[in-house]
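Only one structure is covered here, and it is reproduced in the block below.
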Amino acid sequence: MKINRNEAPPGYYAVLKEKEKPQDGSNICLACDYRMECTGLKYRRMSYEVVTPDGKTLRREDGCSVVFKRKE
């Protein structure tokens, strides 16, 4: 699958989770530079669809599971 780079927050880019997975088995969120701002409801990181409390459906158009890295 090809990552849609437009599905990342401003100032960040998406990287496939498989490429960033911590070797020690720790939480994948620790590899994401966006984690301090993340609510899980604005920019999707997971490939599956969720419904927000206000009834909106969120999903990644590219179907990829990603983490966000800060642009330099």
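Labeling convention for the structure tokens: chains A, B, ... as they appear, residues from 1 per chain, ligands from 1 in order of appearance.
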
Open item on the list: Give me, as a list of chain:residue names, all polymer residues having an atom no more than 8 Å from segment 16-18 of chain A, counting only C-alpha atoms and skipping those fewer than 6 positions away in the same chain.
Closed with: A:Ile3, A:Ile28, A:Cys64, A:Ser65, A:Val66, A:Val67

TODO: Give me every strand (DSSP E) residue in chain A, going by DSSP on the backbone, as a PyMOL selection string.
DONE: chain A and resi 12-16+50-51+57-58+66-70

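Shortest separation to Cys32 of chain A among A:Asn6, A:Glu20, A:Leu58, A:Thr52 occurs at residue A:Glu20, atoms counted being only C-alpha atoms.
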
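Looking only at segment 1-71 of chain A, the set that DSSP places in helix (DSSP H, G or I) from backbone geometry is Arg5, Asn6, Glu7, Lys17, Glu18, Lys19, Glu20, Ile28, Cys29, Leu30 and Ala31 of chain A.
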
Please, could you write that set of residues out with all heavy atoms as a PDB file, in the first residue's frame?
ATOM      1  N   ARG A   5       0.284  10.976   1.917  1.00  0.00           N
ATOM      2  CA  ARG A   5       0.985  11.961   2.753  1.00  0.00           C
ATOM      3  C   ARG A   5       0.083  13.129   3.164  1.00  0.00           C
ATOM      4  O   ARG A   5       0.404  13.856   4.095  1.00  0.00           O
ATOM      5  CB  ARG A   5       2.218  12.479   2.016  1.00  0.00           C
ATOM      6  CG  ARG A   5       3.148  11.348   1.610  1.00  0.00           C
ATOM      7  CD  ARG A   5       4.436  11.408   2.364  1.00  0.00           C
ATOM      8  NE  ARG A   5       5.323  10.341   1.943  1.00  0.00           N
ATOM      9  CZ  ARG A   5       5.830   9.445   2.769  1.00  0.00           C
ATOM     10  NH1 ARG A   5       5.546   9.500   4.040  1.00  0.00           N
ATOM     11  NH2 ARG A   5       6.626   8.502   2.333  1.00  0.00           N
ATOM     12  N   ASN A   6      -1.067  13.301   2.495  1.00  0.00           N
ATOM     13  CA  ASN A   6      -1.990  14.379   2.841  1.00  0.00           C
ATOM     14  C   ASN A   6      -2.834  14.059   4.069  1.00  0.00           C
ATOM     15  O   ASN A   6      -3.553  14.919   4.561  1.00  0.00           O
ATOM     16  CB  ASN A   6      -2.908  14.689   1.656  1.00  0.00           C
ATOM     17  CG  ASN A   6      -2.146  15.228   0.485  1.00  0.00           C
ATOM     18  OD1 ASN A   6      -1.200  15.996   0.631  1.00  0.00           O
ATOM     19  ND2 ASN A   6      -2.533  14.815  -0.707  1.00  0.00           N
ATOM     20  N   GLU A   7      -2.737  12.837   4.579  1.00  0.00           N
ATOM     21  CA  GLU A   7      -3.538  12.436   5.733  1.00  0.00           C
ATOM     22  C   GLU A   7      -2.789  12.606   7.055  1.00  0.00           C
ATOM     23  O   GLU A   7      -3.125  11.983   8.049  1.00  0.00           O
ATOM     24  CB  GLU A   7      -3.987  10.981   5.581  1.00  0.00           C
ATOM     25  CG  GLU A   7      -4.968  10.778   4.448  1.00  0.00           C
ATOM     26  CD  GLU A   7      -5.528   9.381   4.431  1.00  0.00           C
ATOM     27  OE1 GLU A   7      -6.317   9.043   5.331  1.00  0.00           O
ATOM     28  OE2 GLU A   7      -5.167   8.618   3.518  1.00  0.00           O
ATOM     29  N   LYS A  17       3.719   1.880  10.333  1.00  0.00           N
ATOM     30  CA  LYS A  17       4.032   1.411  11.690  1.00  0.00           C
ATOM     31  C   LYS A  17       5.082   0.316  11.687  1.00  0.00           C
ATOM     32  O   LYS A  17       5.918   0.264  12.575  1.00  0.00           O
ATOM     33  CB  LYS A  17       2.768   0.905  12.375  1.00  0.00           C
ATOM     34  CG  LYS A  17       1.912   2.003  12.901  1.00  0.00           C
ATOM     35  CD  LYS A  17       0.790   1.439  13.722  1.00  0.00           C
ATOM     36  CE  LYS A  17      -0.005   2.581  14.318  1.00  0.00           C
ATOM     37  NZ  LYS A  17      -1.104   2.089  15.136  1.00  0.00           N
ATOM     38  N   GLU A  18       5.041  -0.564  10.696  1.00  0.00           N
ATOM     39  CA  GLU A  18       6.009  -1.660  10.644  1.00  0.00           C
ATOM     40  C   GLU A  18       7.444  -1.152  10.624  1.00  0.00           C
ATOM     41  O   GLU A  18       8.347  -1.798  11.135  1.00  0.00           O
ATOM     42  CB  GLU A  18       5.792  -2.538   9.406  1.00  0.00           C
ATOM     43  CG  GLU A  18       4.456  -3.240   9.362  1.00  0.00           C
ATOM     44  CD  GLU A  18       3.375  -2.391   8.712  1.00  0.00           C
ATOM     45  OE1 GLU A  18       3.603  -1.819   7.633  1.00  0.00           O
ATOM     46  OE2 GLU A  18       2.301  -2.287   9.311  1.00  0.00           O
ATOM     47  N   LYS A  19       7.661   0.030  10.037  1.00  0.00           N
ATOM     48  CA  LYS A  19       9.011   0.588   9.932  1.00  0.00           C
ATOM     49  C   LYS A  19       9.463   1.262  11.224  1.00  0.00           C
ATOM     50  O   LYS A  19      10.643   1.490  11.415  1.00  0.00           O
ATOM     51  CB  LYS A  19       9.082   1.584   8.774  1.00  0.00           C
ATOM     52  CG  LYS A  19       8.915   0.921   7.435  1.00  0.00           C
ATOM     53  CD  LYS A  19       9.131   1.880   6.314  1.00  0.00           C
ATOM     54  CE  LYS A  19       9.007   1.138   4.999  1.00  0.00           C
ATOM     55  NZ  LYS A  19       9.453   1.916   3.880  1.00  0.00           N
ATOM     56  N   GLU A  20       8.532   1.581  12.098  1.00  0.00           N
ATOM     57  CA  GLU A  20       8.849   2.308  13.331  1.00  0.00           C
ATOM     58  C   GLU A  20       8.629   1.475  14.589  1.00  0.00           C
ATOM     59  O   GLU A  20       8.829   1.961  15.690  1.00  0.00           O
ATOM     60  CB  GLU A  20       8.001   3.577  13.417  1.00  0.00           C
ATOM     61  CG  GLU A  20       8.306   4.598  12.350  1.00  0.00           C
ATOM     62  CD  GLU A  20       9.704   5.180  12.483  1.00  0.00           C
ATOM     63  OE1 GLU A  20      10.150   5.452  13.611  1.00  0.00           O
ATOM     64  OE2 GLU A  20      10.352   5.358  11.447  1.00  0.00           O
ATOM     65  N   ILE A  28       3.622   1.309  20.500  1.00  0.00           N
ATOM     66  CA  ILE A  28       3.935   1.947  19.216  1.00  0.00           C
ATOM     67  C   ILE A  28       3.751   3.468  19.293  1.00  0.00           C
ATOM     68  O   ILE A  28       4.431   4.206  18.589  1.00  0.00           O
ATOM     69  CB  ILE A  28       3.093   1.336  18.072  1.00  0.00           C
ATOM     70  CG1 ILE A  28       3.527   1.866  16.699  1.00  0.00           C
ATOM     71  CG2 ILE A  28       1.604   1.617  18.276  1.00  0.00           C
ATOM     72  CD1 ILE A  28       4.887   1.424  16.253  1.00  0.00           C
ATOM     73  N   CYS A  29       2.901   3.949  20.162  1.00  0.00           N
ATOM     74  CA  CYS A  29       2.681   5.393  20.286  1.00  0.00           C
ATOM     75  C   CYS A  29       3.961   6.133  20.690  1.00  0.00           C
ATOM     76  O   CYS A  29       4.110   7.312  20.385  1.00  0.00           O
ATOM     77  CB  CYS A  29       1.569   5.691  21.281  1.00  0.00           C
ATOM     78  SG  CYS A  29      -0.057   5.166  20.702  1.00  0.00           S
ATOM     79  N   LEU A  30       4.866   5.452  21.367  1.00  0.00           N
ATOM     80  CA  LEU A  30       6.124   6.086  21.753  1.00  0.00           C
ATOM     81  C   LEU A  30       6.982   6.442  20.539  1.00  0.00           C
ATOM     82  O   LEU A  30       7.852   7.295  20.632  1.00  0.00           O
ATOM     83  CB  LEU A  30       6.908   5.181  22.705  1.00  0.00           C
ATOM     84  CG  LEU A  30       6.228   4.906  24.044  1.00  0.00           C
ATOM     85  CD1 LEU A  30       7.037   3.913  24.848  1.00  0.00           C
ATOM     86  CD2 LEU A  30       6.008   6.196  24.815  1.00  0.00           C
ATOM     87  N   ALA A  31       6.724   5.825  19.401  1.00  0.00           N
ATOM     88  CA  ALA A  31       7.466   6.112  18.177  1.00  0.00           C
ATOM     89  C   ALA A  31       6.845   7.261  17.390  1.00  0.00           C
ATOM     90  O   ALA A  31       7.395   7.697  16.389  1.00  0.00           O
ATOM     91  CB  ALA A  31       7.528   4.870  17.294  1.00  0.00           C
TER      92      ALA A  31
END

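Considering the residues A:Asp33, A:Asp54, A:Asp24, A:Glu49 and counting only C-alpha atoms, Phe68 of chain A has its shortest atom-to-atom contact with A:Asp33.
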
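You can rank A:Arg60, A:Pro22, A:Pro9, A:Val50 by their closest distance to Glu37 of chain A using only C-alpha atoms, and at the top of that list sits A:Pro9.
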